[in-house]
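Have a look at the structure below, then the notes.
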Amino acid sequence: MSGSRQVFTVNTLCLDGLRAAEVVVELQHAGGLMQRIIMTGLPGGAVREARDRIRGCLEHGELPVPKRSILANFAPADLHKEGNGFDLPLAVGILALAGLVPAESLAERVLVGELALDGSLRPVRGALALALEARRLRKRALMLPFANGAEASLVDGLRVEPVRSIQEALLVLGGAPAPEPPTPVERRVPAPDLADVLAQPSARRALEIAAAGGHNLLFVGPPGTGKTMLAQRLPGLLPPLADDDVLAVSALHGLASGGGVIVRHPPFRAPHHSISRTGLVGGGRPLVPGEVSLAHKGVLFLDELPEFPRMLLEALRQPLEDGVVRIARVGRSAEFPCRVQVVAAMNPCPCGYLGHPRRGCQCTPHAIFTYRRRVSGPILDRFDLHVDVPVPDAELLLRGPRGESTRDVAARVATARALRPEGLPSLDDASTTLLARAMGRFALSARAATRARLVAASIAALDGRVSPTHDDLHEALSFRLGLHSLLAAPSPGEVAS
Ligand SMILES: [Zn+2]
């Protein structure tokens, strides 16, 4: 029997987080008449199960079922092969051994897909990440399930071949044109409008400054004053995502949700304080990004900040500093980006009503002190703007003018972002003196002083100026120094009010 020892190789990818490793499936007939498919090269559980799925699907599809044993080796041998995408390359390799696939058609392609017993292809998780990796690895074509075609086709410079079944895969490998990928569907959640937030001029101002400079923002105020409403309106003030960011953010969301999501606007994520560490920063098997990475290029909102266990906030510290989450894996580490803007909200005291004009606060000074101390200094130091959100005046709420709309404020923010210079702005003499005095008097860290200068630059840019003035810096510091009082115990006067 000539050619019985011929080896066919099929290229595929093994996804681990956002990255993928190249895997080659090598197939040849093995000795014996047992009709077994022998697998070597660390196939995971799902890959080993592919054997029976493929046999079932070949029988069902009236395709030749191997009459002799087949050896399928997955290389490199030291990489664990996890995931459900190995069915298609394995089945195609088996059919190549049966003479149904031209060997040269396999050379330039990467194949990924899970087979159903009727021969149809089920979508795989992380198709956009796979397509990005296929391009990075300079592959010319990616054959994958039709349902994944839309998101994969977002990647330029890669031929995407979405196929519905193993039969259609055979036709395309034989030279037939692949079906056109479906048009990507954008899932658009209408952004709430800033005009809905009445009163709260100081908080609105802080929100606009934060949008102009990408600053982290902390709202402090009693329940029901609109802290969450304000936070939800920040993404609407930010510019739409750049093309590369659309791909990166959509790939992250595809990994978490199964795929098919195209994100063109800055995301907003609001994890509850009961979330697990893995849910917040990512991890697990299969490896999925956490909320902090799902907020990449958007807003991470931490409501009721002191209720977050300290362990969770500490787990966020390094990722927020570096803009990337590193997750240790066996023998290597995976990364998910997380360049986010953090908005947090907290009550002024455990009962929430400290400083409320009509409801009395029931908390002891010690309880208030303990509550505020739950958020560590280094975490609070990450917030460039700290804003009191007081109970609004009833008259203003009922008869006051509607606030400015998201569209108007976003236009100002876009102009400011274009104007705002990169890096630290220079200060005039008066501003330098002011900053030095504030650093001395309030024991501001060098980091805090730097952040205040950057906030001043955002304030200046919103006013159409490149360099901040003394007044800009004064306003920036006024937003900063609220932190100072938060870190200290409340004064007796404050508790009495
Ligand atoms: Zn209280």
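Order determines the names: the first chain of the structure tokens is A, the second B, and so forth; residues in each chain are numbered 1 upward, and ligands are numbered 1 upward as they are shown.
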
For ligand 1, collect every residue having any atom at a distance of at most 10 Å from a ligand atom (counting only C-alpha atoms and all ligand atoms); output as a PDB file with N, CA, C and O atoms, in the first residue's frame.
```pdb
ATOM      1  N   PRO A 222     -23.779  60.973  50.697  1.00  0.00           N
ATOM      2  CA  PRO A 222     -24.831  60.101  51.214  1.00  0.00           C
ATOM      3  C   PRO A 222     -25.491  59.306  50.084  1.00  0.00           C
ATOM      4  O   PRO A 222     -25.369  59.678  48.911  1.00  0.00           O
ATOM      5  N   ASN A 347     -19.855  56.219  50.890  1.00  0.00           N
ATOM      6  CA  ASN A 347     -20.618  57.050  51.802  1.00  0.00           C
ATOM      7  C   ASN A 347     -19.635  57.750  52.731  1.00  0.00           C
ATOM      8  O   ASN A 347     -18.520  57.272  52.932  1.00  0.00           O
ATOM      9  N   PRO A 348     -20.045  58.859  53.337  1.00  0.00           N
ATOM     10  CA  PRO A 348     -19.120  59.552  54.247  1.00  0.00           C
ATOM     11  C   PRO A 348     -18.932  58.798  55.568  1.00  0.00           C
ATOM     12  O   PRO A 348     -17.962  59.046  56.282  1.00  0.00           O
ATOM     13  N   CYS A 349     -19.845  57.893  55.903  1.00  0.00           N
ATOM     14  CA  CYS A 349     -19.764  57.157  57.171  1.00  0.00           C
ATOM     15  C   CYS A 349     -20.548  55.862  57.007  1.00  0.00           C
ATOM     16  O   CYS A 349     -21.241  55.693  56.014  1.00  0.00           O
ATOM     17  N   PRO A 350     -20.469  54.933  57.952  1.00  0.00           N
ATOM     18  CA  PRO A 350     -21.154  53.644  57.780  1.00  0.00           C
ATOM     19  C   PRO A 350     -22.664  53.786  57.556  1.00  0.00           C
ATOM     20  O   PRO A 350     -23.228  53.077  56.719  1.00  0.00           O
ATOM     21  N   CYS A 351     -23.332  54.694  58.267  1.00  0.00           N
ATOM     22  CA  CYS A 351     -24.784  54.813  58.063  1.00  0.00           C
ATOM     23  C   CYS A 351     -25.094  55.610  56.812  1.00  0.00           C
ATOM     24  O   CYS A 351     -26.181  55.521  56.255  1.00  0.00           O
ATOM     25  N   GLY A 352     -24.149  56.406  56.377  1.00  0.00           N
ATOM     26  CA  GLY A 352     -24.309  57.112  55.106  1.00  0.00           C
ATOM     27  C   GLY A 352     -24.769  58.558  55.243  1.00  0.00           C
ATOM     28  O   GLY A 352     -24.730  59.302  54.266  1.00  0.00           O
ATOM     29  N   TYR A 353     -25.214  58.965  56.437  1.00  0.00           N
ATOM     30  CA  TYR A 353     -25.883  60.257  56.524  1.00  0.00           C
ATOM     31  C   TYR A 353     -25.082  61.349  57.234  1.00  0.00           C
ATOM     32  O   TYR A 353     -25.637  62.377  57.606  1.00  0.00           O
ATOM     33  N   LEU A 354     -23.785  61.129  57.371  1.00  0.00           N
ATOM     34  CA  LEU A 354     -22.954  62.177  57.959  1.00  0.00           C
ATOM     35  C   LEU A 354     -23.010  63.415  57.060  1.00  0.00           C
ATOM     36  O   LEU A 354     -22.784  63.335  55.862  1.00  0.00           O
ATOM     37  N   GLY A 355     -23.368  64.558  57.663  1.00  0.00           N
ATOM     38  CA  GLY A 355     -23.437  65.791  56.883  1.00  0.00           C
ATOM     39  C   GLY A 355     -24.762  65.974  56.162  1.00  0.00           C
ATOM     40  O   GLY A 355     -24.952  66.954  55.449  1.00  0.00           O
ATOM     41  N   HIS A 356     -25.691  65.025  56.317  1.00  0.00           N
ATOM     42  CA  HIS A 356     -26.994  65.151  55.656  1.00  0.00           C
ATOM     43  C   HIS A 356     -27.794  66.257  56.343  1.00  0.00           C
ATOM     44  O   HIS A 356     -27.845  66.316  57.566  1.00  0.00           O
ATOM     45  N   ARG A 359     -31.337  64.184  57.817  1.00  0.00           N
ATOM     46  CA  ARG A 359     -31.264  62.915  58.558  1.00  0.00           C
ATOM     47  C   ARG A 359     -29.996  62.900  59.397  1.00  0.00           C
ATOM     48  O   ARG A 359     -28.931  63.258  58.947  1.00  0.00           O
ATOM     49  N   GLY A 360     -30.123  62.484  60.632  1.00  0.00           N
ATOM     50  CA  GLY A 360     -28.973  62.492  61.531  1.00  0.00           C
ATOM     51  C   GLY A 360     -28.095  61.271  61.338  1.00  0.00           C
ATOM     52  O   GLY A 360     -28.578  60.199  61.012  1.00  0.00           O
ATOM     53  N   CYS A 361     -26.784  61.462  61.527  1.00  0.00           N
ATOM     54  CA  CYS A 361     -25.845  60.344  61.457  1.00  0.00           C
ATOM     55  C   CYS A 361     -25.809  59.632  62.806  1.00  0.00           C
ATOM     56  O   CYS A 361     -25.781  60.259  63.852  1.00  0.00           O
ATOM     57  N   GLN A 362     -25.853  58.306  62.766  1.00  0.00           N
ATOM     58  CA  GLN A 362     -25.895  57.506  63.999  1.00  0.00           C
ATOM     59  C   GLN A 362     -24.510  56.976  64.391  1.00  0.00           C
ATOM     60  O   GLN A 362     -24.401  56.228  65.347  1.00  0.00           O
ATOM     61  N   CYS A 363     -23.495  57.337  63.623  1.00  0.00           N
ATOM     62  CA  CYS A 363     -22.212  56.655  63.795  1.00  0.00           C
ATOM     63  C   CYS A 363     -21.343  57.330  64.861  1.00  0.00           C
ATOM     64  O   CYS A 363     -21.352  58.549  64.996  1.00  0.00           O
ATOM     65  N   THR A 364     -20.569  56.513  65.574  1.00  0.00           N
ATOM     66  CA  THR A 364     -19.590  57.065  66.509  1.00  0.00           C
ATOM     67  C   THR A 364     -18.363  57.505  65.718  1.00  0.00           C
ATOM     68  O   THR A 364     -18.113  56.983  64.629  1.00  0.00           O
ATOM     69  N   PRO A 365     -17.607  58.454  66.266  1.00  0.00           N
ATOM     70  CA  PRO A 365     -16.384  58.874  65.569  1.00  0.00           C
ATOM     71  C   PRO A 365     -15.476  57.688  65.278  1.00  0.00           C
ATOM     72  O   PRO A 365     -14.875  57.608  64.213  1.00  0.00           O
ATOM     73  N   ALA A 367     -16.356  54.572  64.726  1.00  0.00           N
ATOM     74  CA  ALA A 367     -16.912  53.778  63.612  1.00  0.00           C
ATOM     75  C   ALA A 367     -16.601  54.450  62.279  1.00  0.00           C
ATOM     76  O   ALA A 367     -16.277  53.779  61.292  1.00  0.00           O
ATOM     77  N   ILE A 368     -16.693  55.766  62.261  1.00  0.00           N
ATOM     78  CA  ILE A 368     -16.407  56.500  61.022  1.00  0.00           C
ATOM     79  C   ILE A 368     -14.932  56.352  60.648  1.00  0.00           C
ATOM     80  O   ILE A 368     -14.590  56.083  59.490  1.00  0.00           O
ATOM     81  N   TYR A 371     -14.283  52.867  59.332  1.00  0.00           N
ATOM     82  CA  TYR A 371     -14.888  52.721  58.003  1.00  0.00           C
ATOM     83  C   TYR A 371     -13.973  53.315  56.938  1.00  0.00           C
ATOM     84  O   TYR A 371     -13.695  52.702  55.909  1.00  0.00           O
ATOM     85  N   VAL A 495     -18.646  65.578  62.961  1.00  0.00           N
ATOM     86  CA  VAL A 495     -19.591  64.563  63.438  1.00  0.00           C
ATOM     87  C   VAL A 495     -20.866  65.210  63.953  1.00  0.00           C
ATOM     88  O   VAL A 495     -21.965  64.723  63.739  1.00  0.00           O
TER      89      VAL A 495
END
```

Can you check which residues of range 300-402 of chain A DSSP gives as helix (DSSP H, G or I) on the backbone and send them as a PyMOL selection string? chain A and resi 305-307+310-322+365-373+377-380+394-399

Just the number, please: distance in Å from CA of Val325 in chain A to CA of Asp244 in chain A, one decimal. 19.1 Å

List every residue of range 235-479 of chain A that DSSP, applied to the backbone of this structure, places in strand (DSSP E), and write the result as a PyMOL selection string. chain A and resi 268-269+282-283+288-289+299-302+324-329+332-337+341-346+385-388

At a cut-off of 10 Å, using only C-alpha atoms, what residues contact Pro76 in chain A? Leave out same-chain residues fewer than 4 positions from it and give the result as a PDB file with N, CA and C atoms, in the first residue's frame.
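The result, written out as result_15.pdb:
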```
ATOM      1  N   ALA A  21      -0.573  29.882  21.005  1.00  0.00           N
ATOM      2  CA  ALA A  21       0.636  29.189  20.572  1.00  0.00           C
ATOM      3  C   ALA A  21       0.313  28.425  19.293  1.00  0.00           C
ATOM      4  N   GLU A  22       1.286  28.357  18.383  1.00  0.00           N
ATOM      5  CA  GLU A  22       1.114  27.561  17.168  1.00  0.00           C
ATOM      6  C   GLU A  22       1.201  26.094  17.538  1.00  0.00           C
ATOM      7  N   VAL A  23       0.257  25.318  17.051  1.00  0.00           N
ATOM      8  CA  VAL A  23       0.293  23.874  17.262  1.00  0.00           C
ATOM      9  C   VAL A  23       0.172  23.199  15.899  1.00  0.00           C
ATOM     10  N   VAL A  24       0.999  22.189  15.690  1.00  0.00           N
ATOM     11  CA  VAL A  24       0.934  21.415  14.452  1.00  0.00           C
ATOM     12  C   VAL A  24       0.413  20.024  14.797  1.00  0.00           C
ATOM     13  N   VAL A  25      -0.640  19.597  14.106  1.00  0.00           N
ATOM     14  CA  VAL A  25      -1.141  18.232  14.283  1.00  0.00           C
ATOM     15  C   VAL A  25      -0.543  17.392  13.151  1.00  0.00           C
ATOM     16  N   GLY A  41       1.368  13.985  22.640  1.00  0.00           N
ATOM     17  CA  GLY A  41       1.701  15.414  22.678  1.00  0.00           C
ATOM     18  C   GLY A  41       0.814  16.217  23.611  1.00  0.00           C
ATOM     19  N   LEU A  42       0.574  15.672  24.818  1.00  0.00           N
ATOM     20  CA  LEU A  42      -0.176  16.356  25.865  1.00  0.00           C
ATOM     21  C   LEU A  42      -1.544  16.890  25.445  1.00  0.00           C
ATOM     22  N   HIS A  80       0.523  21.990  26.946  1.00  0.00           N
ATOM     23  CA  HIS A  80      -0.784  21.390  27.194  1.00  0.00           C
ATOM     24  C   HIS A  80      -1.773  21.885  26.162  1.00  0.00           C
ATOM     25  N   LYS A  81      -2.462  20.987  25.462  1.00  0.00           N
ATOM     26  CA  LYS A  81      -3.411  21.397  24.433  1.00  0.00           C
ATOM     27  C   LYS A  81      -4.804  21.439  25.060  1.00  0.00           C
TER      28      LYS A  81
END
```

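Nearest to Asp196 in chain A of all the residues A:Gln232, A:Ser431, A:Asn148, A:Ser376 is A:Gln232, counting only C-alpha atoms.
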
Leaving out Phe479 in chain A and any residue of its chain fewer than 4 positions from it, which residues lie within 10 Å of it when counting only C-alpha atoms, given as an MDAnalysis selection string? chainID A and resid 202 206 217:218 383:388 452 455 473:475 483

Between A:Ala195, A:Leu63, A:Ala436, A:Val47, which one has atoms that come closest to Val92 in chain A, using only C-alpha atoms? A:Leu63

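Counting from CA of Gly61 in chain A, the distance to CA of Gly175 in chain A is 20.2 Å.
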
Atom pair CA of His265 in chain A + CA of Leu154 in chain A, distance 15.7 Å

If we count only C-alpha atoms, what is near range 160-173 of chain A at a cut-off of 7 Å, once residues fewer than 6 positions away on the same chain are taken out, given as a PyMOL selection string? chain A and resi 101+105+119-121+141-146+149+152-153+179+181

Met39 in chain A: which residues within 10 Å, counting only C-alpha atoms, same-chain residues fewer than 3 positions away excluded, as number ranges by chain? A: 25-27, 36, 42-43, 47-48, 51, 70-74

Pick out the residues sitting within 8 Å of Leu427 in chain A, and hand them over as a PDB file with all heavy atoms, in the first residue's frame; count only C-alpha atoms, and ignore anything fewer than 6 positions along from it in its own chain.
```pdb
ATOM      1  N   SER A 467      -1.035  75.829  28.896  1.00  0.00           N
ATOM      2  CA  SER A 467      -0.341  75.856  30.192  1.00  0.00           C
ATOM      3  C   SER A 467      -1.307  76.222  31.309  1.00  0.00           C
ATOM      4  O   SER A 467      -2.119  77.138  31.162  1.00  0.00           O
ATOM      5  CB  SER A 467       0.788  76.884  30.167  1.00  0.00           C
ATOM      6  OG  SER A 467       1.726  76.528  29.189  1.00  0.00           O
ATOM      7  N   PRO A 468      -1.220  75.491  32.429  1.00  0.00           N
ATOM      8  CA  PRO A 468      -2.102  75.810  33.550  1.00  0.00           C
ATOM      9  C   PRO A 468      -1.673  77.082  34.271  1.00  0.00           C
ATOM     10  O   PRO A 468      -0.479  77.405  34.334  1.00  0.00           O
ATOM     11  CB  PRO A 468      -1.964  74.596  34.471  1.00  0.00           C
ATOM     12  CG  PRO A 468      -0.679  73.965  34.112  1.00  0.00           C
ATOM     13  CD  PRO A 468      -0.378  74.313  32.689  1.00  0.00           C
ATOM     14  N   THR A 469      -2.644  77.787  34.807  1.00  0.00           N
ATOM     15  CA  THR A 469      -2.359  78.984  35.597  1.00  0.00           C
ATOM     16  C   THR A 469      -2.439  78.638  37.084  1.00  0.00           C
ATOM     17  O   THR A 469      -2.793  77.513  37.470  1.00  0.00           O
ATOM     18  CB  THR A 469      -3.400  80.072  35.315  1.00  0.00           C
ATOM     19  OG1 THR A 469      -4.676  79.558  35.721  1.00  0.00           O
ATOM     20  CG2 THR A 469      -3.441  80.431  33.835  1.00  0.00           C
TER      21      THR A 469
END
```

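Comparing A:Pro190, A:Gly254, A:Pro66, A:Pro235 by their smallest distance to Ala150 in chain A, the closest is A:Gly254 (using only C-alpha atoms).
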
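Remark: for Asp408 in chain A, the closest of the candidate residues A:Asp193, A:Ala456, A:Ala199, A:Gly214 is A:Asp193 (distances computed over only C-alpha atoms).
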
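Considering only C-alpha atoms, the residue among A:Ala242, A:Val220, A:Val299, A:Ala411 positioned nearest to Met346 in chain A is A:Val220.
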
With only C-alpha atoms as the atoms that count, which of A:Ile275, A:Leu117, A:Leu305, A:Ala176 lies nearest to Arg373 in chain A? A:Leu305
